[in-house]
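Visitor: Please find my_file.pdb (PDB, C-alpha atoms and all ligand atoms) on the next line:
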```pdb
MODEL        1
ATOM      1  CA  MET A  18     -22.883  -2.435  -0.051
ATOM      2  CA  ASP A  19     -19.233  -3.545  -0.316
ATOM      3  CA  VAL A  20     -16.413  -1.042   0.068
ATOM      4  CA  ALA A  21     -12.640  -1.016  -0.207
ATOM      5  CA  VAL A  22     -10.332   1.105   1.950
ATOM      6  CA  VAL A  23      -7.035   2.049   0.294
ATOM      7  CA  THR A  24      -4.622   4.009   2.482
ATOM      8  CA  GLY A  25      -2.246   6.372   0.717
ATOM      9  CA  GLY A  26      -4.870   6.665  -2.019
ATOM     10  CA  GLY A  27      -3.930  10.148  -3.234
ATOM     11  CA  THR A  28      -0.646   9.342  -5.010
ATOM     12  CA  GLY A  29       1.435   6.600  -6.579
ATOM     13  CA  ILE A  30       0.343   2.986  -6.267
ATOM     14  CA  GLY A  31      -2.611   3.769  -3.993
ATOM     15  CA  ARG A  32      -4.094   6.271  -6.439
ATOM     16  CA  ALA A  33      -3.827   3.810  -9.325
ATOM     17  CA  LEU A  34      -5.429   1.032  -7.269
ATOM     18  CA  CYS A  35      -8.332   3.276  -6.196
ATOM     19  CA  SER A  36      -8.920   4.080  -9.875
ATOM     20  CA  ILE A  37      -8.950   0.443 -10.988
ATOM     21  CA  LEU A  38     -11.277  -0.672  -8.189
ATOM     22  CA  ALA A  39     -13.608   2.269  -8.893
ATOM     23  CA  GLU A  40     -13.600   1.450 -12.628
ATOM     24  CA  ARG A  41     -14.740  -2.042 -11.629
ATOM     25  CA  GLY A  42     -17.722  -0.509  -9.866
ATOM     26  CA  MET A  43     -16.505  -0.707  -6.274
ATOM     27  CA  SER A  44     -17.000   1.997  -3.668
ATOM     28  CA  VAL A  45     -13.550   3.059  -2.535
ATOM     29  CA  LEU A  46     -12.513   5.078   0.497
ATOM     30  CA  ALA A  47      -9.229   6.767  -0.434
ATOM     31  CA  VAL A  48      -7.261   7.705   2.688
ATOM     32  CA  GLY A  49      -4.441  10.232   3.087
ATOM     33  CA  ARG A  50      -3.350  13.214   5.160
ATOM     34  CA  ARG A  51      -3.557  15.779   2.327
ATOM     35  CA  ALA A  52      -7.076  16.557   1.165
ATOM     36  CA  GLU A  53      -6.183  17.950  -2.261
ATOM     37  CA  PRO A  54      -4.948  14.823  -4.115
ATOM     38  CA  LEU A  55      -7.840  12.815  -2.675
ATOM     39  CA  GLN A  56     -10.347  15.433  -3.836
ATOM     40  CA  VAL A  57      -8.927  15.400  -7.361
ATOM     41  CA  LEU A  58      -9.312  11.608  -7.477
ATOM     42  CA  ALA A  59     -12.850  11.757  -6.065
ATOM     43  CA  THR A  60     -13.794  14.239  -8.779
ATOM     44  CA  GLU A  61     -12.650  11.740 -11.422
ATOM     45  CA  PHE A  62     -14.910   9.039  -9.925
ATOM     46  CA  PRO A  63     -17.978  10.794  -8.568
ATOM     47  CA  GLY A  64     -19.971   8.611  -6.206
ATOM     48  CA  ARG A  65     -17.328   5.857  -6.383
ATOM     49  CA  VAL A  66     -14.291   7.315  -4.604
ATOM     50  CA  GLU A  67     -14.813   8.947  -1.231
ATOM     51  CA  PRO A  68     -11.898  10.989   0.150
ATOM     52  CA  VAL A  69     -11.034  10.342   3.801
ATOM     53  CA  VAL A  70      -8.528  12.792   5.241
ATOM     54  CA  ALA A  71      -6.863  10.872   8.040
ATOM     55  CA  ASP A  72      -3.454   9.971   9.430
ATOM     56  CA  VAL A  73      -3.103   6.191   9.842
ATOM     57  CA  ALA A  74      -0.335   6.805  12.384
ATOM     58  CA  THR A  75      -2.732   8.185  15.001
ATOM     59  CA  PRO A  76      -5.654   6.686  16.936
ATOM     60  CA  ALA A  77      -7.799   9.696  15.915
ATOM     61  CA  GLY A  78      -6.979   9.110  12.249
ATOM     62  CA  ARG A  79      -7.913   5.438  12.513
ATOM     63  CA  GLU A  80     -11.209   6.372  14.188
ATOM     64  CA  THR A  81     -11.946   8.742  11.298
ATOM     65  CA  ILE A  82     -11.433   5.882   8.840
ATOM     66  CA  ALA A  83     -13.622   3.516  10.884
ATOM     67  CA  SER A  84     -16.391   6.148  10.998
ATOM     68  CA  ALA A  85     -16.150   6.625   7.246
ATOM     69  CA  VAL A  86     -16.622   2.876   6.693
ATOM     70  CA  GLY A  87     -19.625   3.007   9.041
ATOM     71  CA  THR A  88     -21.654   0.049  10.150
ATOM     72  CA  GLY A  89     -24.050  -0.489   7.249
ATOM     73  CA  ARG A  90     -21.395  -1.508   4.728
ATOM     74  CA  ARG A  91     -19.216  -4.590   4.427
ATOM     75  CA  LEU A  92     -15.502  -3.926   4.185
ATOM     76  CA  ARG A  93     -14.374  -6.217   1.377
ATOM     77  CA  PHE A  94     -10.776  -5.033   0.994
ATOM     78  CA  LEU A  95      -8.465  -3.148   3.368
ATOM     79  CA  VAL A  96      -5.254  -2.237   1.539
ATOM     80  CA  HIS A  97      -2.428  -0.908   3.734
ATOM     81  CA  ASN A  98      -0.610   1.018   1.058
ATOM     82  CA  ALA A  99       0.253   4.253   2.948
ATOM     83  CA  GLY A 100       3.933   4.282   3.728
ATOM     84  CA  THR A 101       7.022   6.386   3.960
ATOM     85  CA  ILE A 102      10.722   5.748   3.383
ATOM     86  CA  ALA A 103      11.754   8.774   5.468
ATOM     87  CA  PRO A 104      14.038   9.232   7.257
ATOM     88  CA  ILE A 105      16.736   8.008   4.852
ATOM     89  CA  GLY A 106      20.194   8.079   6.440
ATOM     90  CA  LEU A 107      22.709   5.951   8.288
ATOM     91  CA  LEU A 108      21.724   4.464  11.651
ATOM     92  CA  GLN A 109      24.519   6.406  13.364
ATOM     93  CA  ALA A 110      22.378   9.556  12.890
ATOM     94  CA  LEU A 111      18.934   8.058  13.639
ATOM     95  CA  THR A 112      17.016   9.508  16.598
ATOM     96  CA  PRO A 113      14.452   7.587  18.665
ATOM     97  CA  GLU A 114      11.789  10.161  17.717
ATOM     98  CA  ALA A 115      12.415   9.725  13.981
ATOM     99  CA  LEU A 116      12.254   5.928  14.286
ATOM    100  CA  ARG A 117       9.003   6.103  16.269
ATOM    101  CA  ASP A 118       7.444   8.449  13.691
ATOM    102  CA  HIS A 119       8.425   6.095  10.901
ATOM    103  CA  LEU A 120       7.056   2.988  12.587
ATOM    104  CA  ALA A 121       3.858   4.813  13.567
ATOM    105  CA  THR A 122       2.975   5.010   9.862
ATOM    106  CA  ASN A 123       4.579   1.875   8.419
ATOM    107  CA  LEU A 124       3.856  -0.603  11.232
ATOM    108  CA  GLU A 125       1.439   0.730  13.869
ATOM    109  CA  GLY A 126      -0.839   2.130  11.157
ATOM    110  CA  PRO A 127      -1.506  -1.225   9.449
ATOM    111  CA  LEU A 128      -1.631  -3.163  12.731
ATOM    112  CA  PHE A 129      -4.059  -0.954  14.614
ATOM    113  CA  LEU A 130      -6.196  -0.016  11.608
ATOM    114  CA  SER A 131      -6.713  -3.714  10.856
ATOM    115  CA  GLN A 132      -7.473  -4.317  14.525
ATOM    116  CA  ARG A 133     -10.013  -1.466  14.599
ATOM    117  CA  LEU A 134     -11.749  -2.665  11.435
ATOM    118  CA  LEU A 135     -11.911  -6.408  12.211
ATOM    119  CA  PRO A 136     -15.659  -6.285  13.029
ATOM    120  CA  GLN A 137     -16.425  -4.907   9.546
ATOM    121  CA  LEU A 138     -13.994  -7.246   7.761
ATOM    122  CA  SER A 139     -15.753 -10.586   8.104
ATOM    123  CA  GLY A 140     -15.308 -12.445   4.808
ATOM    124  CA  GLY A 141     -12.980  -9.697   3.594
ATOM    125  CA  ARG A 142      -9.306  -9.384   2.726
ATOM    126  CA  ILE A 143      -6.433  -7.332   4.131
ATOM    127  CA  LEU A 144      -3.455  -6.632   1.882
ATOM    128  CA  HIS A 145      -0.051  -5.319   3.017
ATOM    129  CA  LEU A 146       2.329  -3.480   0.684
ATOM    130  CA  SER A 147       5.674  -5.105   1.366
ATOM    131  CA  SER A 148       9.066  -4.495  -0.221
ATOM    132  CA  GLY A 149      12.310  -6.218  -1.097
ATOM    133  CA  ALA A 150      13.596  -4.148   1.849
ATOM    134  CA  ALA A 151      11.676  -6.468   4.202
ATOM    135  CA  HIS A 152      14.086  -9.229   3.236
ATOM    136  CA  HIS A 153      17.292  -7.444   2.218
ATOM    137  CA  ALA A 154      19.302  -4.859   4.218
ATOM    138  CA  TYR A 155      20.156  -1.539   2.534
ATOM    139  CA  ALA A 156      22.575   0.932   4.162
ATOM    140  CA  GLY A 157      20.654   4.165   4.724
ATOM    141  CA  TRP A 158      17.219   2.535   4.799
ATOM    142  CA  GLY A 159      17.348   1.284   8.414
ATOM    143  CA  PRO A 160      13.865   2.357   9.544
ATOM    144  CA  TYR A 161      12.267   1.275   6.246
ATOM    145  CA  CYS A 162      13.966  -2.160   6.275
ATOM    146  CA  MET A 163      13.087  -2.739   9.944
ATOM    147  CA  GLY A 164       9.503  -1.557   9.490
ATOM    148  CA  LYS A 165       8.844  -3.641   6.360
ATOM    149  CA  ALA A 166      10.482  -6.721   7.952
ATOM    150  CA  ALA A 167       8.168  -6.290  10.966
ATOM    151  CA  LEU A 168       5.201  -5.779   8.635
ATOM    152  CA  HIS A 169       6.067  -9.075   6.941
ATOM    153  CA  MET A 170       5.992 -10.837  10.309
ATOM    154  CA  LEU A 171       2.742  -9.036  11.162
ATOM    155  CA  TYR A 172       1.179 -10.527   8.008
ATOM    156  CA  GLN A 173       2.281 -13.998   9.117
ATOM    157  CA  VAL A 174       0.976 -13.603  12.676
ATOM    158  CA  TRP A 175      -2.382 -12.225  11.461
ATOM    159  CA  ARG A 176      -2.577 -15.219   9.093
ATOM    160  CA  GLU A 177      -2.282 -17.557  12.076
ATOM    161  CA  GLU A 178      -4.875 -15.612  14.071
ATOM    162  CA  LEU A 179      -7.507 -14.618  11.512
ATOM    163  CA  GLY A 180      -8.284 -17.864   9.683
ATOM    164  CA  ASP A 181     -11.096 -18.728  12.076
ATOM    165  CA  ARG A 182     -12.758 -15.361  11.533
ATOM    166  CA  GLY A 183     -12.933 -15.797   7.762
ATOM    167  CA  ILE A 184     -10.599 -12.855   7.154
ATOM    168  CA  ARG A 185      -7.768 -13.408   4.682
ATOM    169  CA  ILE A 186      -4.478 -11.544   4.795
ATOM    170  CA  GLY A 187      -2.009 -11.136   1.951
ATOM    171  CA  SER A 188       1.275  -9.398   1.301
ATOM    172  CA  ALA A 189       2.579  -8.055  -2.016
ATOM    173  CA  ARG A 190       5.899  -6.756  -3.307
ATOM    174  CA  PRO A 191       5.460  -4.229  -6.117
ATOM    175  CA  GLY A 192       9.036  -3.924  -7.440
ATOM    176  CA  VAL A 193      10.592  -0.523  -8.125
ATOM    177  CA  VAL A 194       7.714   1.792  -9.013
ATOM    178  CA  ASP A 195       7.616   5.273 -10.530
ATOM    179  CA  THR A 196       6.073   7.219  -7.606
ATOM    180  CA  PRO A 197       6.926  10.190  -5.354
ATOM    181  CA  MET A 198       8.697   7.755  -3.007
ATOM    182  CA  GLN A 199      11.191   6.833  -5.746
ATOM    183  CA  ALA A 200      11.741  10.528  -6.542
ATOM    184  CA  LEU A 201      12.715  11.064  -2.895
ATOM    185  CA  ILE A 202      15.105   8.085  -3.043
ATOM    186  CA  ARG A 203      16.823   9.441  -6.165
ATOM    187  CA  ALA A 204      17.185  12.892  -4.561
ATOM    188  CA  THR A 205      19.060  11.478  -1.548
ATOM    189  CA  PRO A 206      22.831  12.086  -1.469
ATOM    190  CA  ALA A 207      25.060   8.994  -1.558
ATOM    191  CA  ARG A 208      26.471   9.832   1.886
ATOM    192  CA  GLU A 209      22.978   9.164   3.292
ATOM    193  CA  PHE A 210      21.996   6.384   0.867
ATOM    194  CA  PRO A 211      25.089   4.698  -0.590
ATOM    195  CA  GLY A 212      22.976   2.601  -2.978
ATOM    196  CA  VAL A 213      21.370   5.580  -4.722
ATOM    197  CA  GLY A 214      23.293   4.962  -7.975
ATOM    198  CA  ARG A 215      21.285   1.823  -8.776
ATOM    199  CA  PHE A 216      18.009   3.734  -8.492
ATOM    200  CA  LEU A 217      19.301   6.614 -10.629
ATOM    201  CA  ARG A 218      20.338   4.068 -13.260
ATOM    202  CA  LEU A 219      16.989   2.241 -13.197
ATOM    203  CA  HIS A 220      15.237   5.571 -13.727
ATOM    204  CA  GLN A 221      17.561   6.633 -16.557
ATOM    205  CA  GLU A 222      16.967   3.290 -18.258
ATOM    206  CA  ASN A 223      13.161   3.535 -17.838
ATOM    207  CA  GLN A 224      13.155   0.368 -15.747
ATOM    208  CA  LEU A 225      10.612   1.524 -13.157
ATOM    209  CA  ARG A 226       7.218  -0.102 -13.108
ATOM    210  CA  SER A 227       4.189   2.100 -13.636
ATOM    211  CA  PRO A 228       1.753   2.522 -10.720
ATOM    212  CA  THR A 229      -1.007   1.334 -13.077
ATOM    213  CA  ASP A 230       0.756  -1.986 -13.737
ATOM    214  CA  VAL A 231       1.240  -2.457  -9.998
ATOM    215  CA  ALA A 232      -2.436  -1.652  -9.424
ATOM    216  CA  HIS A 233      -3.403  -4.361 -11.958
ATOM    217  CA  PHE A 234      -1.204  -6.812 -10.054
ATOM    218  CA  LEU A 235      -2.866  -5.859  -6.738
ATOM    219  CA  ALA A 236      -6.379  -5.944  -8.243
ATOM    220  CA  TRP A 237      -5.632  -9.416  -9.649
ATOM    221  CA  LEU A 238      -4.527 -10.571  -6.192
ATOM    222  CA  LEU A 239      -7.623  -9.127  -4.529
ATOM    223  CA  LEU A 240     -10.197 -10.172  -7.120
ATOM    224  CA  ALA A 241      -8.902 -13.236  -8.943
ATOM    225  CA  VAL A 242      -6.645 -15.248  -6.618
ATOM    226  CA  ASP A 243      -8.456 -17.733  -4.382
ATOM    227  CA  ASP A 244      -8.354 -17.440  -0.583
ATOM    228  CA  GLY A 245      -5.768 -20.148   0.049
ATOM    229  CA  ARG A 246      -3.281 -18.884  -2.525
ATOM    230  CA  PHE A 247      -3.909 -15.238  -1.606
ATOM    231  CA  GLU A 248      -2.425 -15.673   1.837
ATOM    232  CA  ALA A 249      -0.090 -18.632   1.329
ATOM    233  CA  VAL A 250       2.974 -16.645   0.274
ATOM    234  CA  GLU A 251       4.136 -13.076  -0.133
ATOM    235  CA  TRP A 252       3.513 -12.263  -3.796
ATOM    236  CA  ASP A 253       6.255 -10.703  -5.895
ATOM    237  CA  ILE A 254       4.995  -8.806  -8.943
ATOM    238  CA  GLY A 255       7.718 -10.262 -11.156
ATOM    239  CA  ALA A 256       6.932 -13.874 -10.236
ATOM    240  CA  CYS A 257       3.330 -13.864 -11.513
ATOM    241  CA  GLU A 258       3.622 -11.376 -14.365
ATOM    242  CA  ASP A 259       1.780 -13.482 -16.978
ATOM    243  CA  ALA A 260      -1.230 -14.034 -14.699
ATOM    244  CA  TRP A 261      -1.856 -10.420 -13.688
ATOM    245  CA  ARG A 262      -1.141  -9.119 -17.189
ATOM    246  CA  ALA A 263      -3.726 -11.558 -18.614
ATOM    247  CA  PHE A 264      -6.223 -10.376 -15.979
ATOM    248  CA  ALA A 265      -5.559  -6.711 -16.884
ATOM    249  CA  LYS A 266      -5.961  -7.496 -20.585
ATOM    250  CA  GLN A 267      -9.309  -9.222 -20.022
ATOM    251  CA  GLU A 268     -10.452  -6.180 -18.101
ATOM    252  CA  ARG A 269      -9.438  -3.793 -20.894
ATOM    253  CA  THR A 270     -11.170  -5.992 -23.493
ATOM    254  CA  HIS A 271     -14.287  -6.072 -21.328
ATOM    255  CA  GLN A 272     -14.288  -2.277 -21.087
ATOM    256  CA  GLY A 273     -13.636  -1.901 -24.815
ATOM    257  CA  ARG A 274     -10.263  -0.249 -24.294
TER     258      ARG A 274
HETATM  259  N1  LIG B   1       7.544   2.989  -5.030
HETATM  260  C1  LIG B   1       8.229   1.877  -4.865
HETATM  261  O1  LIG B   1       9.214   1.598  -5.580
HETATM  262  C2  LIG B   1       7.834   0.893  -3.781
HETATM  263  C3  LIG B   1       8.545  -0.313  -3.701
HETATM  264  C4  LIG B   1       8.201  -1.234  -2.721
HETATM  265  C5  LIG B   1       7.170  -0.969  -1.860
HETATM  266  N2  LIG B   1       6.478   0.210  -1.963
HETATM  267  C6  LIG B   1       5.400   0.451  -0.998
HETATM  268  O2  LIG B   1       4.211   0.801  -1.683
HETATM  269  C7  LIG B   1       3.423   1.682  -0.888
HETATM  270  C8  LIG B   1       3.025   2.897  -1.690
HETATM  271  O3  LIG B   1       4.190   3.560  -2.082
HETATM  272  P1  LIG B   1       4.283   4.661  -3.230
HETATM  273  O4  LIG B   1       5.606   4.502  -3.829
HETATM  274  O5  LIG B   1       3.053   4.670  -4.057
HETATM  275  O6  LIG B   1       4.384   5.955  -2.283
HETATM  276  P2  LIG B   1       3.935   7.472  -2.453
HETATM  277  O7  LIG B   1       3.514   7.791  -3.815
HETATM  278  O8  LIG B   1       5.017   8.255  -1.862
HETATM  279  O9  LIG B   1       2.638   7.442  -1.568
HETATM  280  C9  LIG B   1       2.570   7.278  -0.192
HETATM  281  C10 LIG B   1       1.149   7.665   0.157
HETATM  282  O10 LIG B   1       0.932   7.366   1.528
HETATM  283  C11 LIG B   1       0.259   8.467   2.117
HETATM  284  N3  LIG B   1       0.678   8.483   3.525
HETATM  285  C12 LIG B   1       1.935   8.537   4.019
HETATM  286  N4  LIG B   1       1.897   8.558   5.362
HETATM  287  C13 LIG B   1       0.590   8.506   5.712
HETATM  288  C14 LIG B   1      -0.089   8.490   6.947
HETATM  289  N5  LIG B   1       0.580   8.554   8.117
HETATM  290  N6  LIG B   1      -1.430   8.423   6.952
HETATM  291  C15 LIG B   1      -2.133   8.371   5.787
HETATM  292  N7  LIG B   1      -1.542   8.376   4.579
HETATM  293  C16 LIG B   1      -0.198   8.441   4.555
HETATM  294  C17 LIG B   1       0.734   9.699   1.340
HETATM  295  O11 LIG B   1      -0.237  10.740   1.340
HETATM  296  P3  LIG B   1      -0.214  11.958   2.389
HETATM  297  O12 LIG B   1       1.206  12.442   2.414
HETATM  298  O13 LIG B   1      -1.185  12.931   1.820
HETATM  299  O14 LIG B   1      -0.663  11.372   3.675
HETATM  300  C18 LIG B   1       0.877   9.147  -0.061
HETATM  301  O15 LIG B   1      -0.323   9.269  -0.786
HETATM  302  C19 LIG B   1       4.266   1.996   0.347
HETATM  303  O16 LIG B   1       3.856   1.185   1.427
HETATM  304  C20 LIG B   1       5.664   1.622  -0.089
HETATM  305  O17 LIG B   1       6.496   1.257   1.002
HETATM  306  C21 LIG B   1       6.795   1.146  -2.900
ENDMDL
END
```
Step by step, read the file and then write its structure as structure tokens.

Guide:
Amino acid sequence: MDVAVVTGGGTGIGRALCSILAERGMSVLAVGRRAEPLQVLATEFPGRVEPVVADVATPAGRETIASAVGTGRRLRFLVHNAGTIAPIGLLQALTPEALRDHLATNLEGPLFLSQRLLPQLSGGRILHLSSGAAHHAYAGWGPYCMGKAALHMLYQVWREELGDRGIRIGSARPGVVDTPMQALIRATPAREFPGVGRFLRLHQENQLRSPTDVAHFLAWLLLAVDDGRFEAVEWDIGACEDAWRAFAKQERTHQGR
């Protein structure tokens, strides 16, 4: 049986993606550190969504995820969605410990979870959640910008190394999305994040994307885009809007919604 692993599956984009994949009949392992949001999701999709309480930042957490996948199932999709923007603040106040903690989730997690799951991933796809912050510097987002820039390079290096194994790797930018991460950004004082005003304005003007729209974009990438295109470029949600919206519409028509 085919399964998908979605890290950070209890909230935001990850939760919405788990729901869409489960609605399409896939078995989904939803990963996170807090049991409660994962349990709520699993209750909505009995037998389809399996909660996996694990920390992607630790070797023990990654072992827990690998055990949950098991050996009798093929891992079709591994989506590295778990991420954090903390700590927000200027580099002058950053400690080595805080940087290491950040990178343990946003960089080591995806790298070493992919590495651990390679044997189960033959013929499957890995997807990274990237950000505009991988390509543009924001004062106050030092760890996040550095981590996402490194994640972008990780996607490119994996792409060079994994072709022969029949594993495809993609990277996607979801835009500014209405999730707990954005709430944390808006709650940060300007002395720690000088650019906060733009995010407050986007929220006031209802300009944030919904997690469900982003999940349709990611599901389109995973299910409808062919192997070569999937990994050729980092996909920006705004640059292929017509295609993923048409895919989402077909799906709703198919389900009679
Ligand atoms: N929201 C945006 O505007 C935006 C924009 C660009 C990119 N992204 C990216 O999209 C992804 C999802 O973001 P989101 O906005 O949906 O965030 P979110 O709602 O804040 O969700 C983050 C999720 O990751 C989980 N998580 C965090 N650290 C973890 C760890 N060490 N191990 C396992 N799970 C962990 C959290 O659950 P627990 O706390 O229970 O572990 C939570 O469910 C992130 O990679 C983010 O960088 C978001």

Visitor: If you count all atoms listed in the file, which residues fall within 10 Å of Thr88 in chain A, apart from same-chain ones fewer than 4 positions away, as a list in words?

Guide: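 Listing them by chain and then by number gives Ala83, Ser84, Leu92, Pro136 and Gln137 of chain A.
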
Visitor: Keeping only C-alpha atoms, write the selected residues to a file as a PDB file, in the coordinates of the input.

Guide:
```pdb
ATOM      1  CA  ALA A  83     -13.622   3.516  10.884  1.00  0.00           C
ATOM      2  CA  SER A  84     -16.391   6.148  10.998  1.00  0.00           C
ATOM      3  CA  LEU A  92     -15.502  -3.926   4.185  1.00  0.00           C
ATOM      4  CA  PRO A 136     -15.659  -6.285  13.029  1.00  0.00           C
ATOM      5  CA  GLN A 137     -16.425  -4.907   9.546  1.00  0.00           C
TER       6      GLN A 137
END
```

Visitor: Select the residues contacting ligand LIG 1 (chain B) at a distance of at most 8 Å, based on all atoms listed in the file, then format the selection as an MDAnalysis selection string.

Guide: chainID A and resid 24:32 48:52 54 70:75 78 97:102 121:123 126 145:150 161 165 190:199 225:226 228

Visitor: Starting from the shown file, work through the PyMOL selection byres (((chain A and resi 64) around 12) and not hetatm) and note down what comes out as a PDB file with C-alpha atoms, in the frame of the given file.

Guide:
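Contents of selection.pdb, freshly written:
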```
ATOM      1  CA  ALA A  39     -13.608   2.269  -8.893  1.00  0.00           C
ATOM      2  CA  GLU A  40     -13.600   1.450 -12.628  1.00  0.00           C
ATOM      3  CA  GLY A  42     -17.722  -0.509  -9.866  1.00  0.00           C
ATOM      4  CA  MET A  43     -16.505  -0.707  -6.274  1.00  0.00           C
ATOM      5  CA  SER A  44     -17.000   1.997  -3.668  1.00  0.00           C
ATOM      6  CA  VAL A  45     -13.550   3.059  -2.535  1.00  0.00           C
ATOM      7  CA  LEU A  46     -12.513   5.078   0.497  1.00  0.00           C
ATOM      8  CA  LEU A  58      -9.312  11.608  -7.477  1.00  0.00           C
ATOM      9  CA  ALA A  59     -12.850  11.757  -6.065  1.00  0.00           C
ATOM     10  CA  THR A  60     -13.794  14.239  -8.779  1.00  0.00           C
ATOM     11  CA  GLU A  61     -12.650  11.740 -11.422  1.00  0.00           C
ATOM     12  CA  PHE A  62     -14.910   9.039  -9.925  1.00  0.00           C
ATOM     13  CA  PRO A  63     -17.978  10.794  -8.568  1.00  0.00           C
ATOM     14  CA  ARG A  65     -17.328   5.857  -6.383  1.00  0.00           C
ATOM     15  CA  VAL A  66     -14.291   7.315  -4.604  1.00  0.00           C
ATOM     16  CA  GLU A  67     -14.813   8.947  -1.231  1.00  0.00           C
ATOM     17  CA  PRO A  68     -11.898  10.989   0.150  1.00  0.00           C
TER      18      PRO A  68
END
```

Visitor: Expand the PyMOL selection byres (((chain A and resi 216) around 12) and not hetatm) into the individual residues it matches in the shown file, reporting them as a list in words.

Guide: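 With the PyMOL selection byres (((chain A and resi 216) around 12) and not hetatm) on this model, the match is Gly192, Val193, Val194, Asp195, Met198, Gln199, Ala200, Leu201, Ile202, Arg203, Ala204, Thr205, Pro206, Ala207, Phe210, Pro211, Gly212, Val213, Gly214, Arg215, Leu217, Arg218, Leu219, His220, Gln221, Glu222, Asn223, Gln224 and Leu225 of chain A.
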
Visitor: CA of Leu107 in chain A and CA of Leu120 in chain A are how many Å apart?

Guide: 16.5 Å

Visitor: Which is closest to Arg93 in chain A among A:Glu251, A:Glu114, A:Asp230, A:Asp19, if we use only C-alpha atoms?

Guide: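 Using only C-alpha atoms, the shortest distance to Arg93 in chain A belongs to A:Asp19.
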
Visitor: Please determine, counting only C-alpha atoms, which residue among A:Ala265, A:Ile143, A:Leu124, A:Ala110 has the shortest atom-to-atom distance to Arg208 in chain A.

Guide: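 Of A:Ala265, A:Ile143, A:Leu124, A:Ala110, the one nearest Arg208 in chain A is A:Ala110, counting only C-alpha atoms.
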
Visitor: For Val174 in chain A, work out the shell of residues within 12 Å, counting only C-alpha atoms and skipping chain neighbours fewer than 4 positions away, then give it as JSON, numbers by chain.

Guide: {"A": [128, 167, 168, 169, 170, 178, 179, 180, 185, 186, 187, 248]}

Visitor: Report, in Å with one decimal, the straight-line distance from CA of Thr229 in chain A to CA of Cys35 in chain A.

Guide: 10.2 Å

Visitor: Considering only C-alpha atoms, can you say which of A:Trp175, A:Phe234, A:Trp252, A:Trp261 comes closest to Arg142 in chain A?

Guide: A:Trp175

Visitor: Kindly indicate which residue among A:Leu135, A:Val242, A:Ile254, A:Leu130 lies nearest to Ser227 in chain A, using only C-alpha atoms for the distances.

Guide: A:Ile254

Visitor: Determine, counting only C-alpha atoms, every residue of protein, DNA or RNA that lies within 12 Å of (-1.1, -12.9, -13.6) in the file coordinates, then give the result as a list in words.

Guide: Asp230, Val231, His233, Phe234, Leu235, Ala236, Trp237, Leu238, Leu239, Leu240, Ala241, Val242, Trp252, Asp253, Ile254, Gly255, Ala256, Cys257, Glu258, Asp259, Ala260, Trp261, Arg262, Ala263, Phe264, Ala265, Lys266 and Gln267 of chain A

Visitor: Kindly indicate which residue among A:Gly159, A:Leu34, A:Ala21, A:Leu55 lies nearest to Leu116 in chain A, using all atoms listed in the file for the distances.

Guide: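 For Leu116 in chain A, the nearest of the candidates is A:Gly159.
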
Visitor: Take CA of Val57 in chain A and CA of Ser188 in chain A and report the distance between them in Å, one decimal.

Guide: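 Computed distance, CA of Val57 in chain A to CA of Ser188 in chain A, equals 28.2 Å.
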
Visitor: Rank nothing, just name the residue among A:Arg90, A:Arg269, A:Arg182, A:Arg79 nearest to Ser139 in chain A, using only C-alpha atoms.

Guide: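 Among A:Arg90, A:Arg269, A:Arg182, A:Arg79, it is A:Arg182 that comes nearest to Ser139 in chain A.
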